>>> print(open('run04.tsv').read())   # TSV, N, CA and C atoms
chain	number	residue	atom	x	y	z
I	6	MET	N	73.05	107.05	78.02
I	6	MET	CA	74.24	106.25	77.89
I	6	MET	C	74.05	105.12	76.89
I	7	SER	N	73.21	105.36	75.96
I	7	SER	CA	72.95	104.31	74.98
I	7	SER	C	74.23	103.94	74.24
I	8	GLY	N	74.40	102.67	74.08
I	8	GLY	CA	75.56	102.17	73.37
I	8	GLY	C	76.77	101.89	74.25
I	9	VAL	N	76.78	102.39	75.45
I	9	VAL	CA	77.90	102.15	76.36
I	9	VAL	C	77.61	100.86	77.11
I	10	LYS	N	78.49	99.88	76.94
I	10	LYS	CA	78.27	98.57	77.54
I	10	LYS	C	79.02	98.38	78.85
I	11	SER	N	80.06	99.18	79.05
I	11	SER	CA	80.89	99.02	80.24
I	11	SER	C	81.38	100.39	80.70
I	12	TYR	N	81.51	100.54	82.00
I	12	TYR	CA	82.07	101.78	82.55
I	12	TYR	C	83.48	102.02	82.04
I	13	LYS	N	84.17	100.95	81.64
I	13	LYS	CA	85.55	101.08	81.15
I	13	LYS	C	85.62	101.84	79.83
I	14	GLU	N	84.49	101.95	79.15
I	14	GLU	CA	84.44	102.72	77.90
I	14	GLU	C	84.35	104.22	78.16
I	15	LEU	N	83.99	104.61	79.37
I	15	LEU	CA	83.77	106.02	79.69
I	15	LEU	C	85.10	106.75	79.86
I	16	LEU	N	85.25	107.85	79.15
I	16	LEU	CA	86.47	108.64	79.24
I	16	LEU	C	86.68	109.18	80.66
I	17	ILE	N	85.59	109.48	81.37
I	17	ILE	CA	85.75	109.97	82.75
I	17	ILE	C	86.33	108.89	83.65
I	18	TRP	N	86.00	107.63	83.39
I	18	TRP	CA	86.59	106.53	84.17
I	18	TRP	C	88.06	106.36	83.79
I	19	GLN	N	88.36	106.39	82.49
I	19	GLN	CA	89.74	106.22	82.02
I	19	GLN	C	90.65	107.31	82.57
I	20	LYS	N	90.17	108.55	82.58
I	20	LYS	CA	90.96	109.64	83.14
I	20	LYS	C	91.11	109.48	84.65
I	21	GLY	N	90.10	108.92	85.30
I	21	GLY	CA	90.19	108.64	86.73
I	21	GLY	C	91.30	107.65	87.02
I	22	ILE	N	91.42	106.63	86.20
I	22	ILE	CA	92.51	105.65	86.36
I	22	ILE	C	93.86	106.33	86.16
I	23	LYS	N	93.96	107.18	85.14
I	23	LYS	CA	95.21	107.91	84.89
I	23	LYS	C	95.57	108.77	86.11
I	24	LEU	N	94.58	109.40	86.70
I	24	LEU	CA	94.82	110.23	87.88
I	24	LEU	C	95.38	109.40	89.03
I	25	VAL	N	94.82	108.22	89.25
I	25	VAL	CA	95.31	107.33	90.31
I	25	VAL	C	96.80	107.04	90.09
I	26	LEU	N	97.16	106.69	88.88
I	26	LEU	CA	98.55	106.34	88.57
I	26	LEU	C	99.49	107.53	88.81
I	27	LEU	N	99.04	108.71	88.42
I	27	LEU	CA	99.87	109.90	88.62
I	27	LEU	C	100.02	110.25	90.10
I	28	VAL	N	98.94	110.10	90.86
I	28	VAL	CA	98.99	110.38	92.30
I	28	VAL	C	99.95	109.41	92.98
I	29	TYR	N	99.87	108.14	92.64
I	29	TYR	CA	100.79	107.16	93.23
I	29	TYR	C	102.23	107.48	92.86
I	30	LYS	N	102.45	107.91	91.64
I	30	LYS	CA	103.80	108.27	91.21
I	30	LYS	C	104.32	109.48	92.00
I	31	LEU	N	103.46	110.48	92.18
I	31	LEU	CA	103.86	111.69	92.90
I	31	LEU	C	104.15	111.40	94.36
I	32	THR	N	103.34	110.58	94.98
I	32	THR	CA	103.48	110.35	96.42
I	32	THR	C	104.58	109.34	96.77
I	33	LYS	N	105.13	108.70	95.77
I	33	LYS	CA	106.16	107.68	95.99
I	33	LYS	C	107.34	108.21	96.80
I	34	HIS	N	107.63	109.48	96.66
I	34	HIS	CA	108.80	110.05	97.32
I	34	HIS	C	108.44	110.98	98.47
I	35	PHE	N	107.21	110.92	98.93
I	35	PHE	CA	106.83	111.73	100.08
I	35	PHE	C	107.47	111.14	101.34
I	36	PRO	N	107.60	111.95	102.38
I	36	PRO	CA	108.24	111.45	103.61
I	36	PRO	C	107.52	110.23	104.19
I	37	ASP	N	108.30	109.32	104.76
I	37	ASP	CA	107.75	108.10	105.34
I	37	ASP	C	106.77	108.39	106.48
I	38	ASP	N	107.01	109.46	107.22
I	38	ASP	CA	106.11	109.76	108.34
I	38	ASP	C	104.74	110.25	107.88
I	39	GLU	N	104.59	110.49	106.59
I	39	GLU	CA	103.29	110.88	106.02
I	39	GLU	C	102.56	109.69	105.39
I	40	LYS	N	103.19	108.53	105.42
I	40	LYS	CA	102.63	107.35	104.76
I	40	LYS	C	101.19	107.06	105.20
I	41	TYR	N	100.90	107.24	106.50
I	41	TYR	CA	99.56	106.92	107.01
I	41	TYR	C	98.72	108.16	107.27
I	42	ALA	N	99.19	109.29	106.77
I	42	ALA	CA	98.47	110.54	106.97
I	42	ALA	C	98.00	111.08	105.61
I	43	LEU	N	98.55	112.20	105.19
I	43	LEU	CA	98.13	112.82	103.94
I	43	LEU	C	98.33	111.91	102.73
I	44	THR	N	99.44	111.20	102.69
I	44	THR	CA	99.71	110.32	101.54
I	44	THR	C	98.64	109.26	101.40
I	45	SER	N	98.29	108.62	102.49
I	45	SER	CA	97.25	107.59	102.47
I	45	SER	C	95.90	108.17	102.06
I	46	GLN	N	95.56	109.32	102.62
I	46	GLN	CA	94.29	109.96	102.30
I	46	GLN	C	94.22	110.35	100.83
I	47	LEU	N	95.32	110.87	100.31
I	47	LEU	CA	95.38	111.26	98.90
I	47	LEU	C	95.20	110.05	97.98
I	48	LYS	N	95.85	108.97	98.31
I	48	LYS	CA	95.72	107.76	97.50
I	48	LYS	C	94.28	107.22	97.53
I	49	ARG	N	93.69	107.16	98.73
I	49	ARG	CA	92.32	106.66	98.85
I	49	ARG	C	91.33	107.54	98.07
I	50	ALA	N	91.52	108.85	98.16
I	50	ALA	CA	90.63	109.77	97.44
I	50	ALA	C	90.77	109.58	95.93
I	51	SER	N	91.99	109.36	95.46
I	51	SER	CA	92.18	109.18	94.02
I	51	SER	C	91.54	107.88	93.54
I	52	VAL	N	91.69	106.82	94.31
I	52	VAL	CA	91.10	105.53	93.93
I	52	VAL	C	89.57	105.62	93.93
I	53	SER	N	89.02	106.47	94.78
I	53	SER	CA	87.56	106.56	94.88
I	53	SER	C	86.93	107.15	93.63
I	54	ILE	N	87.68	107.90	92.85
I	54	ILE	CA	87.09	108.54	91.66
I	54	ILE	C	86.66	107.51	90.62
I	55	PRO	N	87.56	106.71	90.06
I	55	PRO	CA	87.09	105.73	89.09
I	55	PRO	C	86.20	104.67	89.73
I	56	SER	N	86.40	104.41	91.02
I	56	SER	CA	85.56	103.42	91.71
I	56	SER	C	84.11	103.89	91.79
I	57	ASN	N	83.90	105.16	92.12
I	57	ASN	CA	82.54	105.70	92.20
I	57	ASN	C	81.90	105.80	90.82
I	58	ILE	N	82.69	106.11	89.82
I	58	ILE	CA	82.16	106.13	88.45
I	58	ILE	C	81.69	104.74	88.06
I	59	ALA	N	82.50	103.73	88.36
I	59	ALA	CA	82.14	102.35	88.04
I	59	ALA	C	80.89	101.93	88.83
I	60	GLU	N	80.85	102.25	90.12
I	60	GLU	CA	79.69	101.86	90.93
I	60	GLU	C	78.43	102.55	90.44
I	61	GLY	N	78.52	103.83	90.14
I	61	GLY	CA	77.35	104.55	89.63
I	61	GLY	C	76.84	103.97	88.33
I	62	PHE	N	77.76	103.62	87.44
I	62	PHE	CA	77.37	103.00	86.18
I	62	PHE	C	76.63	101.69	86.44
I	63	GLY	N	77.12	100.94	87.39
I	63	GLY	CA	76.53	99.64	87.70
I	63	GLY	C	75.15	99.72	88.31
I	64	ARG	N	74.79	100.85	88.87
I	64	ARG	CA	73.46	101.01	89.48
I	64	ARG	C	72.35	101.11	88.43
I	65	GLN	N	72.71	101.47	87.24
I	65	GLN	CA	71.83	101.45	86.06
I	65	GLN	C	70.64	102.40	86.13
I	66	THR	N	70.73	103.44	86.95
I	66	THR	CA	69.73	104.52	86.89
I	66	THR	C	70.49	105.84	86.83
I	67	ASP	N	69.96	106.78	86.08
I	67	ASP	CA	70.61	108.07	85.95
I	67	ASP	C	70.72	108.78	87.30
I	68	LYS	N	69.68	108.68	88.10
I	68	LYS	CA	69.69	109.35	89.41
I	68	LYS	C	70.81	108.79	90.30
I	69	SER	N	70.91	107.50	90.34
I	69	SER	CA	71.95	106.87	91.15
I	69	SER	C	73.34	107.16	90.59
I	70	PHE	N	73.47	107.10	89.29
I	70	PHE	CA	74.76	107.40	88.66
I	70	PHE	C	75.18	108.82	88.99
I	71	ASN	N	74.24	109.75	88.91
I	71	ASN	CA	74.53	111.15	89.21
I	71	ASN	C	75.01	111.31	90.65
I	72	HIS	N	74.41	110.56	91.56
I	72	HIS	CA	74.83	110.59	92.97
I	72	HIS	C	76.30	110.19	93.09
I	73	PHE	N	76.70	109.13	92.43
I	73	PHE	CA	78.08	108.66	92.50
I	73	PHE	C	79.04	109.59	91.75
I	74	LEU	N	78.55	110.27	90.71
I	74	LEU	CA	79.38	111.28	90.04
I	74	LEU	C	79.64	112.46	90.99
I	75	ASN	N	78.64	112.80	91.79
I	75	ASN	CA	78.82	113.87	92.78
I	75	ASN	C	79.89	113.49	93.80
I	76	ILE	N	79.89	112.25	94.21
I	76	ILE	CA	80.92	111.77	95.15
I	76	ILE	C	82.30	111.84	94.50
I	77	ALA	N	82.39	111.42	93.25
I	77	ALA	CA	83.67	111.48	92.52
I	77	ALA	C	84.14	112.92	92.40
I	78	ARG	N	83.22	113.83	92.11
I	78	ARG	CA	83.57	115.25	91.99
I	78	ARG	C	84.10	115.78	93.33
I	79	GLY	N	83.47	115.38	94.42
I	79	GLY	CA	83.94	115.78	95.73
I	79	GLY	C	85.34	115.25	96.01
I	80	SER	N	85.62	114.04	95.59
I	80	SER	CA	86.95	113.46	95.77
I	80	SER	C	88.00	114.23	94.96
I	81	LEU	N	87.62	114.71	93.79
I	81	LEU	CA	88.55	115.51	93.00
I	81	LEU	C	88.92	116.80	93.74
I	82	ASN	N	87.92	117.43	94.35
I	82	ASN	CA	88.19	118.64	95.13
I	82	ASN	C	89.06	118.33	96.34
I	83	GLU	N	88.81	117.18	96.95
I	83	GLU	CA	89.60	116.74	98.09
I	83	GLU	C	91.06	116.54	97.68
I	84	ILE	N	91.29	115.88	96.57
I	84	ILE	CA	92.65	115.63	96.09
I	84	ILE	C	93.37	116.94	95.79
I	85	GLU	N	92.68	117.84	95.11
I	85	GLU	CA	93.30	119.12	94.78
I	85	GLU	C	93.72	119.86	96.05
I	86	THR	N	92.86	119.86	97.05
I	86	THR	CA	93.17	120.52	98.32
I	86	THR	C	94.38	119.87	98.99
I	87	GLN	N	94.39	118.55	99.03
I	87	GLN	CA	95.50	117.83	99.66
I	87	GLN	C	96.81	118.04	98.91
I	88	LEU	N	96.75	118.12	97.60
I	88	LEU	CA	97.96	118.38	96.82
I	88	LEU	C	98.50	119.77	97.12
I	89	ILE	N	97.62	120.74	97.25
I	89	ILE	CA	98.06	122.10	97.57
I	89	ILE	C	98.74	122.11	98.94
I	90	ILE	N	98.16	121.41	99.90
I	90	ILE	CA	98.76	121.32	101.23
I	90	ILE	C	100.13	120.67	101.15
I	91	GLU	N	100.23	119.56	100.41
I	91	GLU	CA	101.50	118.86	100.29
I	91	GLU	C	102.56	119.70	99.58
I	92	LYS	N	102.12	120.49	98.62
I	92	LYS	CA	103.05	121.39	97.94
I	92	LYS	C	103.55	122.46	98.92
I	93	GLU	N	102.64	123.01	99.72
I	93	GLU	CA	103.02	124.02	100.71
I	93	GLU	C	103.97	123.44	101.77
I	94	LEU	N	103.79	122.17	102.08
I	94	LEU	CA	104.66	121.50	103.05
I	94	LEU	C	105.99	121.06	102.41
I	95	GLU	N	106.13	121.33	101.13
I	95	GLU	CA	107.33	121.02	100.35
I	95	GLU	C	107.60	119.52	100.23
I	96	PHE	N	106.51	118.73	100.15
I	96	PHE	CA	106.64	117.29	99.91
I	96	PHE	C	106.77	117.00	98.42
I	97	VAL	N	106.32	117.92	97.58
I	97	VAL	CA	106.31	117.70	96.13
I	97	VAL	C	107.68	118.03	95.57
I	98	ASN	N	108.30	117.05	94.92
I	98	ASN	CA	109.63	117.27	94.33
I	98	ASN	C	109.59	117.25	92.80
I	99	ASP	N	108.41	117.15	92.23
I	99	ASP	CA	108.28	117.14	90.77
I	99	ASP	C	107.15	118.10	90.38
I	100	ASP	N	107.53	119.33	90.11
I	100	ASP	CA	106.53	120.36	89.79
I	100	ASP	C	105.76	120.05	88.52
I	101	ASN	N	106.43	119.45	87.54
I	101	ASN	CA	105.74	119.11	86.29
I	101	ASN	C	104.64	118.08	86.53
I	102	LEU	N	104.95	117.06	87.31
I	102	LEU	CA	103.97	116.04	87.63
I	102	LEU	C	102.83	116.65	88.45
I	103	PHE	N	103.16	117.48	89.42
I	103	PHE	CA	102.15	118.18	90.21
I	103	PHE	C	101.20	118.97	89.30
I	104	ASN	N	101.77	119.74	88.38
I	104	ASN	CA	100.96	120.55	87.46
I	104	ASN	C	100.12	119.68	86.54
I	105	ASP	N	100.68	118.55	86.09
I	105	ASP	CA	99.91	117.62	85.25
I	105	ASP	C	98.69	117.08	86.01
I	106	ILE	N	98.88	116.78	87.28
I	106	ILE	CA	97.77	116.25	88.09
I	106	ILE	C	96.71	117.33	88.30
I	107	ILE	N	97.14	118.54	88.62
I	107	ILE	CA	96.18	119.64	88.81
I	107	ILE	C	95.39	119.87	87.52
I	108	PHE	N	96.06	119.86	86.38
I	108	PHE	CA	95.38	120.04	85.10
I	108	PHE	C	94.38	118.91	84.85
I	109	LEU	N	94.79	117.68	85.14
I	109	LEU	CA	93.91	116.53	84.95
I	109	LEU	C	92.68	116.62	85.86
I	110	ILE	N	92.88	117.07	87.08
I	110	ILE	CA	91.75	117.25	88.00
I	110	ILE	C	90.76	118.26	87.44
I	111	GLU	N	91.26	119.39	86.98
I	111	GLU	CA	90.39	120.43	86.42
I	111	GLU	C	89.64	119.91	85.19
I	112	GLU	N	90.33	119.16	84.36
I	112	GLU	CA	89.72	118.57	83.17
I	112	GLU	C	88.65	117.55	83.56
I	113	GLU	N	88.96	116.71	84.54
I	113	GLU	CA	88.03	115.67	84.99
I	113	GLU	C	86.76	116.29	85.60
I	114	VAL	N	86.92	117.35	86.38
I	114	VAL	CA	85.75	118.02	86.96
I	114	VAL	C	84.83	118.52	85.85
I	115	LYS	N	85.39	119.17	84.85
I	115	LYS	CA	84.59	119.68	83.73
I	115	LYS	C	83.88	118.54	83.00
I	116	MET	N	84.59	117.45	82.78
I	116	MET	CA	84.00	116.32	82.07
I	116	MET	C	82.88	115.67	82.88
I	117	ILE	N	83.09	115.53	84.18
I	117	ILE	CA	82.04	114.95	85.03
I	117	ILE	C	80.83	115.87	85.06
I	118	ASN	N	81.06	117.18	85.15
I	118	ASN	CA	79.95	118.13	85.13
I	118	ASN	C	79.13	117.99	83.86
I	119	ALA	N	79.79	117.92	82.72
I	119	ALA	CA	79.10	117.78	81.43
I	119	ALA	C	78.36	116.44	81.35
I	120	PHE	N	79.03	115.40	81.80
I	120	PHE	CA	78.42	114.06	81.78
I	120	PHE	C	77.17	114.03	82.65
I	121	ALA	N	77.27	114.62	83.85
I	121	ALA	CA	76.14	114.64	84.77
I	121	ALA	C	74.96	115.43	84.20
I	122	ARG	N	75.26	116.54	83.52
I	122	ARG	CA	74.17	117.33	82.90
I	122	ARG	C	73.41	116.51	81.88
I	123	ASN	N	74.12	115.65	81.16
I	123	ASN	CA	73.48	114.80	80.16
I	123	ASN	C	72.62	113.70	80.78
I	124	LEU	N	72.88	113.36	82.03
I	124	LEU	CA	72.09	112.32	82.70
I	124	LEU	C	70.74	112.84	83.16
I	125	LYS	N	70.65	114.13	83.45
I	125	LYS	CA	69.41	114.70	84.02
I	125	LYS	C	68.29	114.76	83.04
>>> encode(input="run04.tsv", output="structure tokens")
Amino acid sequence: MSGVKSYKELLIWQKGIKLVLLVYKLTKHFPDDEKYALTSQLKRASVSIPSNIAEGFGRQTDKSFNHFLNIARGSLNEIETQLIIEKELEFVNDDNLFNDIIFLIEEEVKMINAFARNLK
């Protein structure tokens, strides 16, 4: 990571922030009775992605960073699963936004995988 002074410079962190914003936008119109269930879990999982990337960067060892990247990757899988459930439950009213989020998740997983390989 030579030359990188801040986690905010990392494209994987920037895409993580974008994912959070899209998830919040998508869940804005979910049923109120889901506010403390799937919606809350989905939001927390999305926030954990850039948060874990930032925390891993701050640990300043490749081994520790890789550990936090693994957690972020797990959260991406969690979000994708929850989105599929919410789509099946017909909570999703914007298919384009849903598809954009799924695409971003797939892209983010690939980028984290590549980034993690470079740390080893």
>>> atom_distance(input="run04.tsv", atom1="CA of Asn75 in chain I", atom2="CA of Gln19 in chain I")
17.1 Å
>>> closest_residue(input="run04.tsv", among="I:Ser80, I:Leu16, I:Lys33, I:Gly21", to="Asp99 in chain I", atoms="only C-alpha atoms")
I:Lys33
>>> select_by_dssp(input="run04.tsv", residues="chain I", states="helix (DSSP H, G or I)", output="VMD selection string")
chain I and resid 12 to 14 16 to 32 37 to 39 43 to 64 67 to 93 100 to 124
>>> atom_distance(input="run04.tsv", atom1="atom C of Leu47 in chain I", atom2="atom N of Asn118 in chain I")
20.4 Å
>>> atom_distance(input="run04.tsv", atom1="CA of Lys30 in chain I", atom2="CA of Phe120 in chain I")
27.7 Å
>>> closest_residue(input="run04.tsv", among="I:Leu43, I:Asp67, I:Asp37, I:Val9", to="Leu94 in chain I", atoms="only C-alpha atoms")
I:Leu43
>>> residues_around(input="run04.tsv", residues="range 104-113 of chain I", least_positions_apart="4", cutoff="12 Å", atoms="only C-alpha atoms", output="PyMOL selection string")
chain I and resi 15-32+51+54-55+58+74+77-89+92+97-100+117-121
